[in-house]
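Taking it in order: structure first as structure tokens, then the write-up.
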Amino acid sequence: MMETTAGVAAEPLTLGQDDHDSLQAHFHAGISADEIEQVFHLKRAQPTLQAFTALFHGGADGVLIRLLVLRELAADTSTTAFSRADINQKLAYLIPESLETVLTRLRSHSLLAWDAQAAVYRVTPMARNVLSSLDTLLSMGQADDDAEMGFLLSQVAGAQAVGGVTVEQLKHLLGRLVELTEEFRDAIASGSEFRLRTSQAKWHMACDWVEKGSEILRAITSDERADSATHKAAQAIGRAQSALLNMQGMFSRALNQIERQRVHLGQSGLSTTDVKRWLLAHDDLSSLAQGAIDRPVMPLFVTPAEMIDVAETELLAERSASMGPSGLPQGEDAPLTINDGPAIQAELDDWLARLADFANLGNFPSFSEHGPKTVPIQDSLLPASFAVASYRASMLPLLGDAAEASLQGATAQLARLPITFTPTDEMVQLNDPHVFAMSIATLSLDLESGPADDK
């Protein structure tokens with residue numbers, strides 16, 4: 001019975017003599033299909049393969065309808081048996097002809113069991129196993145797993161939990177790890193920043209799965225019941241994971257190299273990467289040219305005769321009247337400029353002489369020879385304008401600075417003066433026309449250092 005678009009049932013697939021002959025036709029002469037190990041394993045799993053064939057053979061619409069019917073029946077856990085009336089009510093949105101076709105196909109391939117005595121359908125264990133594997137694959141596909149390792153790792157984890165992990169499952173996971181490593185190496189070798197960024201994000205997701213799978217691998221390698229092939233596959237996965245984790249340094253070096261070679265567009269702060277990212281954000285680049293060109297370029301063509309006429313006219317024309325002076329211009333004196341800026345150096349020299357006078361036991365207004373050798377800071381900074389007083393105050397922290405004293409210049413002489421600057425956090429109001437208040441601080445003479453250096 002031939003299958004139609006609606007999914008008419010076919011007879012169960014069995015490997016008879018004709019099927020064996022058709023299979024043998026794919027192999028070279030002298031090689032028996034039964035001698036291939038994988039063929040033996042696939043033939044042994046023929047009932048499971050027939051279940052998948054029943055679901056997925058045919059057009060995409062028929063596949064969706066079969067999965068829809070089977071999933072709806074398997075999802076109902078309130079009962080294990082469904083009469084035809086129950087099925088019609090549950091799937092009332094399907095036309096009767098299509099529903100009948102799907103039920104016949106599922107029943108003929110042992111995905112639905114028909115109990116003739118009770119006149120009910122039952123979902124078979126094979127159907128539940130098939131749906132469970134499909135649900136796991138579909139759920140992993142919706143989890144944005146760009147590394148595509150979630151399903152493979154879940155299969156290994158589930159098999160390990162029930163003690164039935166196989167070498168084939170481990171090899172699938174190992175193969176995916178090797179593919180990812182090669183993909184990341186190609187991205188690094190390409191030198192493309194965008195490809196590197198994409199691969200690095202995928203690498204981070206793969207590392208998350210690697211971290212989750214490490215415990216599973218430790219359990220497999222420590223399991224005494226596992227055979228040598230399983231141990232070797234698990235150890236190979238561990239080495240592949242290590243190679244994958246070690247690629248972080250390669251990503252960092254490649255991105256740093258790109259960052260050093262980045263080209264910036266003038267002083268705008270934009271780089272060629274920003275321009276490319278902006279262009280990639282547009283689906284239609286041709287739309288950016290709309291309105292940019294007012295009119296098309298109109299080429300002009302000139303014949304050789306016209307070119308000669310224009311050349312003769314230019315050569316014979318009187319050009320002396322339009323020509324400017326041929327000599328060099330007369331020299332001029334450079335304009336004089338007046339420096340209106342403050343005489344910082346002169347102010348510093350005056351301030352240095354004032355402090356040196358104090359250091360040599362000179363007299364400030366409030367300092368006497370028999371009194372304490374300290375003065376309030378306002379007596380040393382004032383009288384002066386606010387700007388000059390602020391400049392003097394900014395130089396006070398240099399007093400006693402060993403690093404500055406080891407240098408040359410006026411500030412170094414200031415640092416070598418035997419004066420100690422002692423500031424506080426409190427303020428004092430002043431009777432001064434330029435400065436209203438000032439921090440309470442003192443300048444004290446350090447007698448142990450001796451007199452100031454006059455040099």
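By order in the structure tokens, chains are A, B, ...; within a chain, residues start at 1; ligands start at 1, following the order shown.
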
Next item on the list: Could you find all residues in region 76-248 of chain A that DSSP calls strand (DSSP E or B) from the backbone, and write them as a ChimeraX atom specification?
Entry: /A:82,112-115,120-123

Once you have the residues from the selection above, write them out as a PDB file, in the first residue's frame, restricted to N, CA, C and O atoms.
ATOM      1  N   PHE A  82      -7.287   4.218  25.577  1.00  0.00           N
ATOM      2  CA  PHE A  82      -8.084   5.232  24.903  1.00  0.00           C
ATOM      3  C   PHE A  82      -9.028   4.551  23.925  1.00  0.00           C
ATOM      4  O   PHE A  82      -8.585   3.808  23.040  1.00  0.00           O
ATOM      5  N   LEU A 112       1.335   2.176  18.630  1.00  0.00           N
ATOM      6  CA  LEU A 112       0.068   2.067  19.361  1.00  0.00           C
ATOM      7  C   LEU A 112      -0.344   0.599  19.358  1.00  0.00           C
ATOM      8  O   LEU A 112      -0.254  -0.080  18.317  1.00  0.00           O
ATOM      9  N   ALA A 113      -0.783   0.129  20.496  1.00  0.00           N
ATOM     10  CA  ALA A 113      -1.242  -1.266  20.613  1.00  0.00           C
ATOM     11  C   ALA A 113      -2.766  -1.271  20.658  1.00  0.00           C
ATOM     12  O   ALA A 113      -3.382  -0.482  21.399  1.00  0.00           O
ATOM     13  N   TRP A 114      -3.382  -2.156  19.870  1.00  0.00           N
ATOM     14  CA  TRP A 114      -4.840  -2.246  19.800  1.00  0.00           C
ATOM     15  C   TRP A 114      -5.304  -3.459  20.592  1.00  0.00           C
ATOM     16  O   TRP A 114      -4.909  -4.592  20.313  1.00  0.00           O
ATOM     17  N   ASP A 115      -6.100  -3.198  21.622  1.00  0.00           N
ATOM     18  CA  ASP A 115      -6.682  -4.265  22.440  1.00  0.00           C
ATOM     19  C   ASP A 115      -8.066  -4.552  21.883  1.00  0.00           C
ATOM     20  O   ASP A 115      -9.025  -3.796  22.100  1.00  0.00           O
ATOM     21  N   VAL A 120      -9.721  -0.730  22.810  1.00  0.00           N
ATOM     22  CA  VAL A 120      -9.024   0.500  23.207  1.00  0.00           C
ATOM     23  C   VAL A 120      -7.620   0.471  22.625  1.00  0.00           C
ATOM     24  O   VAL A 120      -7.064  -0.593  22.313  1.00  0.00           O
ATOM     25  N   TYR A 121      -7.064   1.680  22.510  1.00  0.00           N
ATOM     26  CA  TYR A 121      -5.673   1.852  22.094  1.00  0.00           C
ATOM     27  C   TYR A 121      -4.812   2.083  23.332  1.00  0.00           C
ATOM     28  O   TYR A 121      -5.241   2.694  24.309  1.00  0.00           O
ATOM     29  N   ARG A 122      -3.568   1.615  23.258  1.00  0.00           N
ATOM     30  CA  ARG A 122      -2.600   1.871  24.327  1.00  0.00           C
ATOM     31  C   ARG A 122      -1.275   2.316  23.694  1.00  0.00           C
ATOM     32  O   ARG A 122      -0.868   1.788  22.651  1.00  0.00           O
ATOM     33  N   VAL A 123      -0.604   3.263  24.352  1.00  0.00           N
ATOM     34  CA  VAL A 123       0.707   3.715  23.897  1.00  0.00           C
ATOM     35  C   VAL A 123       1.738   2.682  24.324  1.00  0.00           C
ATOM     36  O   VAL A 123       1.834   2.321  25.511  1.00  0.00           O
TER      37      VAL A 123
END

Checklist line | All residues 10 Å or closer to Thr124 (chain A), only C-alpha atoms, same chain fewer than 4 positions away omitted, as a list of chain:residue names | finding: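 Everything that qualifies: A:Ala74, A:Thr80, A:Arg107, A:Ser110, A:Leu111, A:Leu112, A:Ala113, A:Trp114, A:Arg128, A:Asn129.
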
Notebook entry, point to check: Could you pull out the alpha helix (DSSP H) residues of region 103-289 of chain A from DSSP and send them as an MDAnalysis selection string?
Noted result: chainID A and resid 103:108 125:141 150:161 167:190 193:221 228:245 248:260 272:280

Notebook entry, point to check: Any idea what's packed within 12 Å of Glu259 (chain A), counting only C-alpha atoms, ignoring anything in its chain fewer than 5 positions away? Could you give it as a list in words?
Noted result: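 Contacts, in chain order: Gly191, Ser192, Glu193, Ser252, Arg253, Ala254, His264, Ser271, Thr272 and Thr273 of chain A.
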
Checklist line | Atomic separation - CA of Ala240 (chain A) relative to CA of Ala189 (chain A), Å | finding: 19.4 Å

Checklist line | region 344-348 of chain A environment, 10 Å, only C-alpha atoms, sequence neighbours closer than 2 positions dropped, as a count of residues only | finding: 14

Check: Could you work out how far CA of Pro47 (chain A) lies from CA of Gly59 (chain A), giving the answer in Å with one decimal?
Finding: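 Spanning CA of Gly59 (chain A) to CA of Pro47 (chain A) is a straight-line distance of 21.7 Å.
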
Next item on the list: Record the distance separating CA of Pro376 (chain A) and CA of Leu443 (chain A), expressed in Å with one decimal.
Entry: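 Taking CA of Pro376 (chain A) as the start and CA of Leu443 (chain A) as the end point, the length is 6.4 Å.
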
Notebook entry, point to check: Between A:Met298, A:Met149, A:Val178, A:Ala402, which one has atoms that come closest to Met205 (chain A), using only C-alpha atoms?
Noted result: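 Counting only C-alpha atoms, the residue closest to Met205 (chain A) is A:Met149.
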
Notebook entry, point to check: Nearest to Glu183 (chain A): which of A:Leu99, A:Ala234, A:Val167, A:Leu244 is it, counting only C-alpha atoms?
Noted result: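 Selected residue with least distance to Glu183 (chain A): A:Leu244.
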
Item checked: Test item: residues at most 12 Å from Gln248 (chain A), only C-alpha atoms, excluding those fewer than 2 positions along its chain, as a PyMOL selection string -> chain A and resi 181+184-185+188+196+199-204+206-207+242-246+250-255

Item checked: Distance query Gln235 (chain A) at most 9 Å, only C-alpha atoms, self and fewer than 5 positions along chain excluded, as a PyMOL selection string -> chain A and resi 217+221+230+240
